[in-house]
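J.: A single structure is presented below for examination.
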Amino acid sequence: MAVPVSGRMKELHYRARRFFLLRALACAFAGLLPARATAHVRTGRKAASAEEDLKKVAALLNGKTRDAWVFTGDSITQGAKHTHGHRSYPEIFAERLRWELARVGDIVVNTGMSGHTTRHIMNDMDWRVGQFRPQVVSVMLGTNDCARNQVTLADFEANLTSIVAQIRAMNAVPILHTPNPIIAEKAPERVSLPEYVAVIRKVAGRENVILVDHYAEWSAAMASRSAEVVHREWLNDPLHPNQTGHRQLAAALFKTLNIFDPAQPTCGAAYYEGAH
């Protein structure tokens, strides 16, 4: 025998069904959004901007907290071999930060790995970045992604967007870099690099991320001094910057973050301190 249901019970039953239906629809809708949008929905935070991020970096540099700065990318960031035993650009940054700016308590971590692409980093963010609980994350990629188009342009854009979203979800400031130009005729498998550079600029603009545009800086130098001279002085092979090239990468980063000081050795002044 059926038990009669009161009007109040019917109303409560209707409200419960409506609640679960709306929640299911919301979850389904969130699944259709890109990573950057779903991250915003989950956190409820106001979307960040490059200008605000530069202010955050300035506040970190002038603050009292001890901060972690993570650099990740491929062999260029790793500084593998081609620096001739000199410092790579993350190491030059560490010297600028921890010595010249007297932030000795800060930690600079380099998780660049030779041969890696956006796919490697996107799938390994916890190990490469998250475990260090960083305040700032610097990312330079593209030189391997473009090799024989092993990561398509569409996937490169999606991966880079996801990397930025994951960094922001850590409440860290992302910094994107374009890679340096290469000698394309001696590395024909990477002839499409300029297209990947365009995607980095596109993602940085759309996601409002700090961008260090090395490709533009080096291209301007090649236009004024000739490509042959710049290649000879700044590259160790068709792809990798030598120690001088890494100093150029570091200088561009310093200028972007407004911490370039020509009186300091990391920015080009002499290290030599006189007779001894």
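Following the order of the structure tokens, chains are lettered A, B, ..., residues in each are numbered from 1, and ligands are numbered from 1.
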Residues near Trp218 of chain A, anyone? I mean within 12 Å using only C-alpha atoms, not counting same-chain ones fewer than 6 positions away, as a VMD selection string.
T.: chain A and resid 178 to 182 212 224 to 231 233 to 235 241 245 to 246 248 to 249 251 to 252
J.: Run DSSP on the backbone and tell me which residues of segment 106-240 of chain A come out as helix (DSSP H, G or I); list them as a count of residues only.
T.: 73
J.: So which residues of segment 6-237 of chain A fall under strand (DSSP E) by DSSP, listed as a list in words?
T.: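 The strand (DSSP E) subset of segment 6-237 of chain A is Ala68, Trp69, Val70, Phe71, Thr72, Gly73, Ile107, Val108, Val109, Asn110, Val136, Val137, Ser138, Val139, Met140, Val173, Pro174, Ile175, Leu176, His177, Thr178, Ile210, Leu211, Val212 and Asp213 of chain A.
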J.: Would you mind exporting the chosen residues as a short mmCIF file (atom, residue, chain, number, x, y, z; two decimals), in the first residue's frame, restricted to N, CA, C and O atoms?
T.:
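Generated file (result_34.cif):
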```cif
data_model
loop_
_atom_site.label_atom_id
_atom_site.label_comp_id
_atom_site.auth_asym_id
_atom_site.auth_seq_id
_atom_site.Cartn_x
_atom_site.Cartn_y
_atom_site.Cartn_z
N ALA A 68 60.65 31.17 -3.70
CA ALA A 68 61.19 30.16 -4.60
C ALA A 68 60.89 30.56 -6.04
O ALA A 68 59.75 30.88 -6.38
N TRP A 69 61.91 30.53 -6.87
CA TRP A 69 61.82 30.87 -8.29
C TRP A 69 62.20 29.62 -9.09
O TRP A 69 63.32 29.11 -8.97
N VAL A 70 61.28 29.12 -9.91
CA VAL A 70 61.53 27.90 -10.67
C VAL A 70 61.69 28.24 -12.15
O VAL A 70 60.86 28.96 -12.72
N PHE A 71 62.75 27.72 -12.74
CA PHE A 71 62.97 27.81 -14.18
C PHE A 71 62.80 26.41 -14.76
O PHE A 71 63.43 25.46 -14.29
N THR A 72 61.97 26.30 -15.79
CA THR A 72 61.82 25.00 -16.43
C THR A 72 61.80 25.17 -17.95
O THR A 72 61.53 26.26 -18.46
N GLY A 73 62.12 24.09 -18.65
CA GLY A 73 62.20 24.16 -20.10
C GLY A 73 63.00 23.01 -20.65
O GLY A 73 62.96 21.90 -20.11
N ILE A 107 65.40 30.90 -3.13
CA ILE A 107 65.88 29.68 -3.77
C ILE A 107 65.55 29.74 -5.25
O ILE A 107 64.42 30.05 -5.63
N VAL A 108 66.53 29.45 -6.10
CA VAL A 108 66.33 29.37 -7.55
C VAL A 108 66.54 27.93 -7.97
O VAL A 108 67.60 27.35 -7.74
N VAL A 109 65.50 27.34 -8.56
CA VAL A 109 65.52 25.93 -8.96
C VAL A 109 65.45 25.84 -10.48
O VAL A 109 64.60 26.49 -11.10
N ASN A 110 66.30 25.02 -11.08
CA ASN A 110 66.32 24.83 -12.52
C ASN A 110 65.94 23.39 -12.84
O ASN A 110 66.68 22.46 -12.53
N VAL A 136 57.26 32.27 -8.37
CA VAL A 136 57.44 32.66 -9.77
C VAL A 136 57.93 31.43 -10.55
O VAL A 136 58.79 30.71 -10.07
N VAL A 137 57.36 31.24 -11.75
CA VAL A 137 57.76 30.11 -12.60
C VAL A 137 58.07 30.64 -13.99
O VAL A 137 57.22 31.25 -14.65
N SER A 138 59.30 30.39 -14.45
CA SER A 138 59.77 30.84 -15.75
C SER A 138 59.80 29.64 -16.71
O SER A 138 60.34 28.58 -16.37
N VAL A 139 59.22 29.81 -17.90
CA VAL A 139 59.07 28.70 -18.85
C VAL A 139 59.60 29.13 -20.22
O VAL A 139 59.11 30.10 -20.80
N MET A 140 60.59 28.39 -20.73
CA MET A 140 61.06 28.59 -22.11
C MET A 140 60.97 27.26 -22.86
O MET A 140 61.65 26.30 -22.50
N VAL A 173 53.38 33.35 -10.17
CA VAL A 173 53.44 34.22 -11.34
C VAL A 173 54.12 33.48 -12.48
O VAL A 173 55.27 33.05 -12.35
N PRO A 174 53.45 33.30 -13.63
CA PRO A 174 54.10 32.67 -14.78
C PRO A 174 54.86 33.69 -15.62
O PRO A 174 54.42 34.83 -15.78
N ILE A 175 56.00 33.28 -16.14
CA ILE A 175 56.76 34.08 -17.10
C ILE A 175 57.04 33.20 -18.31
O ILE A 175 57.62 32.12 -18.17
N LEU A 176 56.61 33.63 -19.48
CA LEU A 176 56.88 32.89 -20.70
C LEU A 176 58.05 33.53 -21.45
O LEU A 176 58.20 34.76 -21.44
N HIS A 177 58.87 32.71 -22.09
CA HIS A 177 59.98 33.16 -22.91
C HIS A 177 59.79 32.62 -24.32
O HIS A 177 59.42 31.46 -24.49
N THR A 178 60.10 33.42 -25.32
CA THR A 178 60.32 32.85 -26.65
C THR A 178 61.77 32.37 -26.69
O THR A 178 62.64 32.96 -26.07
N ILE A 210 53.45 37.72 -18.44
CA ILE A 210 54.74 38.36 -18.69
C ILE A 210 55.47 37.59 -19.79
O ILE A 210 55.57 36.37 -19.73
N LEU A 211 55.96 38.30 -20.79
CA LEU A 211 56.66 37.67 -21.91
C LEU A 211 58.05 38.27 -22.05
O LEU A 211 58.21 39.49 -22.14
N VAL A 212 59.07 37.40 -22.11
CA VAL A 212 60.43 37.81 -22.43
C VAL A 212 60.68 37.35 -23.86
O VAL A 212 60.82 36.15 -24.12
N ASP A 213 60.74 38.28 -24.78
CA ASP A 213 60.77 37.93 -26.20
C ASP A 213 62.21 37.92 -26.72
O ASP A 213 62.67 38.83 -27.40
#
```
J.: Could you check how far atom CA of Val129 of chain A sits from atom CA of Gly85 of chain A, in Å to one decimal?
T.: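 Separation of atom CA of Val129 of chain A and atom CA of Gly85 of chain A: 25.4 Å.
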J.: Find the residue from A:Thr77, A:Gln135, A:Thr266, A:Ser219 that sits nearest to Leu97 of chain A; use only C-alpha atoms when measuring.
T.: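 Among the listed residues, A:Thr266 lies closest to Leu97 of chain A.
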J.: Within 12 Å of Pro265 of chain A, counting only C-alpha atoms, which residues show up once you throw out same-chain ones fewer than 2 positions away? Write them as a compact mmCIF listing (two decimals) with C-alpha atoms, in the first residue's frame, please.
T.:
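Final file, result-v4.txt:
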```txt
# COMPACT_ATOMS: atom_id res chain seq x y z
CA ILE A 92 73.01 34.34 -13.88
CA PHE A 93 69.55 35.22 -12.59
CA GLU A 95 73.54 35.61 -9.02
CA ARG A 96 71.57 38.79 -9.70
CA TRP A 99 73.95 38.30 -4.42
CA GLU A 100 73.48 41.63 -6.17
CA ARG A 247 74.19 36.51 -20.82
CA ALA A 250 69.60 36.90 -18.73
CA ALA A 251 69.81 40.58 -19.67
CA PHE A 260 68.54 45.53 -15.15
CA ASP A 261 71.43 47.61 -13.81
CA PRO A 262 74.39 48.21 -16.17
CA ALA A 263 76.63 48.89 -13.18
CA CYS A 267 74.20 43.00 -16.48
CA GLY A 268 77.50 43.49 -18.31
CA ALA A 269 79.78 45.40 -15.95
CA ALA A 270 83.22 44.01 -15.14
CA TYR A 271 83.66 41.31 -12.51
CA TYR A 272 87.36 42.17 -12.10
CA GLU A 273 88.04 44.16 -8.94
```
J.: Find the residue from A:Leu141, A:Val191, A:Ala94, A:Leu153 that sits nearest to Ile121 of chain A; use only C-alpha atoms when measuring.
T.: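 Of the candidates, the smallest distance to Ile121 of chain A is held by A:Leu141.
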J.: Between atom CA of Ala59 of chain A and atom CA of Val209 of chain A, measure the distance and give it in Å to one decimal.
T.: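 Separation between atom CA of Ala59 of chain A and atom CA of Val209 of chain A: 17.0 Å.
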J.: Identify, on the basis of only C-alpha atoms, every residue whose closest approach to Gln78 of chain A does not exceed 7 Å; exclude the query and any residue fewer than 4 positions from it along the same chain; express the result as a PDB file with all heavy atoms, in the first residue's frame.
T.:
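Heads up, here's the output in result_3.pdb:
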```pdb
ATOM      1  N   ASP A  74      63.769  23.272 -21.698  1.00  0.00           N
ATOM      2  CA  ASP A  74      64.547  22.230 -22.365  1.00  0.00           C
ATOM      3  C   ASP A  74      66.037  22.424 -22.089  1.00  0.00           C
ATOM      4  O   ASP A  74      66.419  22.995 -21.064  1.00  0.00           O
ATOM      5  CB  ASP A  74      64.229  22.215 -23.863  1.00  0.00           C
ATOM      6  CG  ASP A  74      64.336  23.596 -24.499  1.00  0.00           C
ATOM      7  OD1 ASP A  74      65.230  24.373 -24.081  1.00  0.00           O
ATOM      8  OD2 ASP A  74      63.555  23.913 -25.418  1.00  0.00           O
ATOM      9  N   ASN A 110      66.305  25.022 -11.078  1.00  0.00           N
ATOM     10  CA  ASN A 110      66.319  24.828 -12.524  1.00  0.00           C
ATOM     11  C   ASN A 110      65.936  23.386 -12.838  1.00  0.00           C
ATOM     12  O   ASN A 110      66.681  22.457 -12.530  1.00  0.00           O
ATOM     13  CB  ASN A 110      67.712  25.141 -13.083  1.00  0.00           C
ATOM     14  CG  ASN A 110      67.782  25.002 -14.600  1.00  0.00           C
ATOM     15  OD1 ASN A 110      66.845  24.556 -15.245  1.00  0.00           O
ATOM     16  ND2 ASN A 110      68.914  25.394 -15.164  1.00  0.00           N
ATOM     17  N   THR A 111      64.752  23.184 -13.454  1.00  0.00           N
ATOM     18  CA  THR A 111      64.310  21.837 -13.811  1.00  0.00           C
ATOM     19  C   THR A 111      64.243  21.647 -15.325  1.00  0.00           C
ATOM     20  O   THR A 111      63.519  20.784 -15.818  1.00  0.00           O
ATOM     21  CB  THR A 111      62.942  21.507 -13.188  1.00  0.00           C
ATOM     22  OG1 THR A 111      61.934  22.355 -13.749  1.00  0.00           O
ATOM     23  CG2 THR A 111      62.961  21.677 -11.684  1.00  0.00           C
ATOM     24  N   GLY A 112      64.990  22.475 -16.070  1.00  0.00           N
ATOM     25  CA  GLY A 112      65.073  22.275 -17.513  1.00  0.00           C
ATOM     26  C   GLY A 112      65.707  20.932 -17.837  1.00  0.00           C
ATOM     27  O   GLY A 112      66.643  20.509 -17.168  1.00  0.00           O
ATOM     28  N   MET A 113      65.182  20.253 -18.854  1.00  0.00           N
ATOM     29  CA  MET A 113      65.701  18.940 -19.249  1.00  0.00           C
ATOM     30  C   MET A 113      65.886  18.887 -20.756  1.00  0.00           C
ATOM     31  O   MET A 113      64.967  19.221 -21.521  1.00  0.00           O
ATOM     32  CB  MET A 113      64.752  17.818 -18.812  1.00  0.00           C
ATOM     33  CG  MET A 113      64.597  17.668 -17.318  1.00  0.00           C
ATOM     34  SD  MET A 113      63.664  16.174 -16.900  1.00  0.00           S
ATOM     35  CE  MET A 113      63.377  16.479 -15.146  1.00  0.00           C
ATOM     36  N   SER A 114      67.060  18.453 -21.164  1.00  0.00           N
ATOM     37  CA  SER A 114      67.393  18.391 -22.582  1.00  0.00           C
ATOM     38  C   SER A 114      66.390  17.528 -23.343  1.00  0.00           C
ATOM     39  O   SER A 114      66.011  16.445 -22.891  1.00  0.00           O
ATOM     40  CB  SER A 114      68.802  17.816 -22.747  1.00  0.00           C
ATOM     41  OG  SER A 114      69.146  17.717 -24.112  1.00  0.00           O
TER      42      SER A 114
END
```
